[in-house]
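Q: The structure that follows is given in the form of structure tokens.
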Amino acid sequence: MALALQPADARERRARRPAPTAPEPASVAAPLPPARPAEFKAPPAPAAPVPPTPAPQAAEPAKPEGPAGPPACYGLFAERGGVALPVPPAETSRPECAIEEPVNFREVDLPEGKVTLDSAVTLRCAFAVEVLGWIRDDLTALAQKENTKLTKLVGVGGQACRNRNAAAGAPISEHASGNALDLFGLTFENGRSVALAGKEPELRPLREAIQRSVCGRFTTVLGPGADASHKDHLHFDLRQRTRGFRMCQWAVE
């Protein structure tokens, strides 16, 4: 069978026709990488624990301001039973009659009861403390031996701005500075009164016991037999002398 010949132009057109191309594959979207993290920073160190705030405390009450408190001697005076009274104003401005740490009292408060003085006296505190010790420890013990209690000191005398024995030209008395006491007698709860001057034989043991106690405590003791000025009463003080010299002049009869 004879092949039919195609015209030349047909052949040229077929030659110029582009060859069919294979279809391009469909594009696939690639997954995006994750977002780049921010620059790494070390976490901040934990803060130091804050201690709990203590509860506010109530402020102490303010102490009242004022002059300095009393000397230590005043405390001893109260401990030994002294009942202080207001100190009377000085009768004179003479310096030799000034009292160091003066106390004024008329009553002694003891465990066994009160002992009163028949009049208030003003004394130097250190001397008054010794007087209270004599009353509290010695005289009350002597009263117990007599089966009674001491209630009163009779005929007492304290400060007096004068010379010794009130004599003109004599040295200043220990009474002037409140460093001496005069005493005439004692009164007891059973109503008995004992004068320190006298010649009753039945009272001699008690007077001798009083003499031993008062001369043991005080540096000067003048009583009956010492001189005319002390024939009816007892004087005692705490005068300081050289070499610790002491004087006990009381002739108990």
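Labels for the structure tokens follow display order: chains A, B, ..., residues from 1 in each chain, ligands from 1.
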As JSON, numbers by chain, which residues of region 56-215 of chain A does DSSP assign to helix (DSSP H, G or I)?
A: {"A": [72, 73, 74, 75, 76, 77, 78, 79, 95, 96, 97, 125, 126, 127, 128, 129, 130, 131, 132, 133, 134, 135, 136, 137, 138, 139, 140, 141, 142, 143, 144, 145, 164, 165, 166, 174, 175, 176, 177, 201, 202, 203, 204, 205, 206, 207, 208, 209, 210, 211, 212, 213, 214, 215]}
Q: Emit the selected residues as a PDB file, in the first residue's frame, including C-alpha atoms.
A:
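Saved to selection-v8.pdb:
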ATOM      1  CA  ALA A  72      22.385  55.742 150.966  1.00  0.00           C
ATOM      2  CA  CYS A  73      22.321  56.533 154.693  1.00  0.00           C
ATOM      3  CA  TYR A  74      18.661  57.485 154.442  1.00  0.00           C
ATOM      4  CA  GLY A  75      17.889  53.975 153.210  1.00  0.00           C
ATOM      5  CA  LEU A  76      19.672  52.462 156.219  1.00  0.00           C
ATOM      6  CA  PHE A  77      17.775  54.832 158.486  1.00  0.00           C
ATOM      7  CA  ALA A  78      14.448  53.527 157.114  1.00  0.00           C
ATOM      8  CA  GLU A  79      15.601  49.876 157.213  1.00  0.00           C
ATOM      9  CA  PRO A  95      29.014  76.612 159.456  1.00  0.00           C
ATOM     10  CA  GLU A  96      30.111  74.704 162.569  1.00  0.00           C
ATOM     11  CA  CYS A  97      26.431  74.024 163.318  1.00  0.00           C
ATOM     12  CA  CYS A 125      22.096  60.491 159.587  1.00  0.00           C
ATOM     13  CA  ALA A 126      25.107  58.252 160.262  1.00  0.00           C
ATOM     14  CA  PHE A 127      24.783  58.900 163.995  1.00  0.00           C
ATOM     15  CA  ALA A 128      21.003  58.371 163.910  1.00  0.00           C
ATOM     16  CA  VAL A 129      21.498  54.971 162.236  1.00  0.00           C
ATOM     17  CA  GLU A 130      23.765  53.919 165.114  1.00  0.00           C
ATOM     18  CA  VAL A 131      21.231  55.173 167.671  1.00  0.00           C
ATOM     19  CA  LEU A 132      18.515  53.133 165.961  1.00  0.00           C
ATOM     20  CA  GLY A 133      20.754  50.061 166.037  1.00  0.00           C
ATOM     21  CA  TRP A 134      21.323  50.563 169.755  1.00  0.00           C
ATOM     22  CA  ILE A 135      17.580  50.800 170.381  1.00  0.00           C
ATOM     23  CA  ARG A 136      16.684  47.959 168.048  1.00  0.00           C
ATOM     24  CA  ASP A 137      19.356  45.430 169.014  1.00  0.00           C
ATOM     25  CA  ASP A 138      20.542  46.309 172.517  1.00  0.00           C
ATOM     26  CA  LEU A 139      17.779  48.042 174.461  1.00  0.00           C
ATOM     27  CA  THR A 140      14.984  45.781 173.225  1.00  0.00           C
ATOM     28  CA  ALA A 141      17.039  42.717 174.198  1.00  0.00           C
ATOM     29  CA  LEU A 142      17.573  44.158 177.680  1.00  0.00           C
ATOM     30  CA  ALA A 143      13.832  44.772 177.960  1.00  0.00           C
ATOM     31  CA  GLN A 144      13.134  41.142 177.064  1.00  0.00           C
ATOM     32  CA  LYS A 145      15.373  40.014 179.904  1.00  0.00           C
ATOM     33  CA  ARG A 164      30.413  72.059 175.208  1.00  0.00           C
ATOM     34  CA  ASN A 165      28.396  72.237 178.405  1.00  0.00           C
ATOM     35  CA  ALA A 166      27.195  75.653 177.152  1.00  0.00           C
ATOM     36  CA  GLU A 174      29.042  67.489 169.145  1.00  0.00           C
ATOM     37  CA  HIS A 175      25.398  68.468 169.586  1.00  0.00           C
ATOM     38  CA  ALA A 176      26.012  71.416 167.239  1.00  0.00           C
ATOM     39  CA  SER A 177      26.464  69.116 164.225  1.00  0.00           C
ATOM     40  CA  PRO A 201      20.293  48.728 194.255  1.00  0.00           C
ATOM     41  CA  GLU A 202      17.602  46.809 192.384  1.00  0.00           C
ATOM     42  CA  LEU A 203      18.244  48.866 189.218  1.00  0.00           C
ATOM     43  CA  ARG A 204      22.012  48.600 189.256  1.00  0.00           C
ATOM     44  CA  PRO A 205      22.201  45.392 187.118  1.00  0.00           C
ATOM     45  CA  LEU A 206      20.037  46.982 184.435  1.00  0.00           C
ATOM     46  CA  ARG A 207      21.999  50.249 184.461  1.00  0.00           C
ATOM     47  CA  GLU A 208      25.273  48.335 184.211  1.00  0.00           C
ATOM     48  CA  ALA A 209      23.927  46.408 181.212  1.00  0.00           C
ATOM     49  CA  ILE A 210      22.914  49.684 179.559  1.00  0.00           C
ATOM     50  CA  GLN A 211      26.362  51.091 180.326  1.00  0.00           C
ATOM     51  CA  ARG A 212      28.127  48.154 178.622  1.00  0.00           C
ATOM     52  CA  SER A 213      25.959  48.427 175.534  1.00  0.00           C
ATOM     53  CA  VAL A 214      26.206  52.201 175.070  1.00  0.00           C
ATOM     54  CA  CYS A 215      29.965  52.310 175.694  1.00  0.00           C
TER      55      CYS A 215
END
Q: Between A:Leu186, A:Ala197, A:Val115, A:Ala180, single out the one closest to His235 (chain A), counting only C-alpha atoms.
A: A:Ala180
Q: For a quick check of understanding, using only C-alpha atoms, which of A:Ala168, A:Phe188, A:Asp182, A:Pro89 has the smallest distance to Gly113 (chain A)?
A: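 Of the candidates, the smallest distance to Gly113 (chain A) is held by A:Phe188.
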Q: Enumerate the residues of region 105-205 of chain A with a DSSP assignment of strand (DSSP E), computed from the backbone, and present them as a PyMOL selection string.
A: chain A and resi 105-110+113-124+150-154+180-183+185-188+193-195
Q: Need the shell around Ala90 (chain A): protein/DNA/RNA residues with any atom at most 10 Å away, counting only C-alpha atoms. Skip same-chain ones fewer than 4 positions apart. Format as a list in words?
A: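 Counting only C-alpha atoms, the residues come to Arg94, Cys97, Ala98, Ile99 and Cys161 of chain A.
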Q: Tell me, as number ranges by chain, which residues lie within 6 Å of His233 (chain A), counting only C-alpha atoms; anything in the same chain fewer than 2 positions away does not count.
A: A: 183-184, 223, 230
Q: Out of A:Ser173, A:Thr92, A:Asn179, A:Asn147, which residue has the shortest atom-to-atom distance to Thr122 (chain A) when counting only C-alpha atoms?
A: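 Among the listed residues, the smallest separation from Thr122 (chain A) belongs to A:Asn179.
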Q: Just how far from CA of Pro88 (chain A) is CA of Gly178 (chain A), in Å to one decimal?
A: 12.8 Å
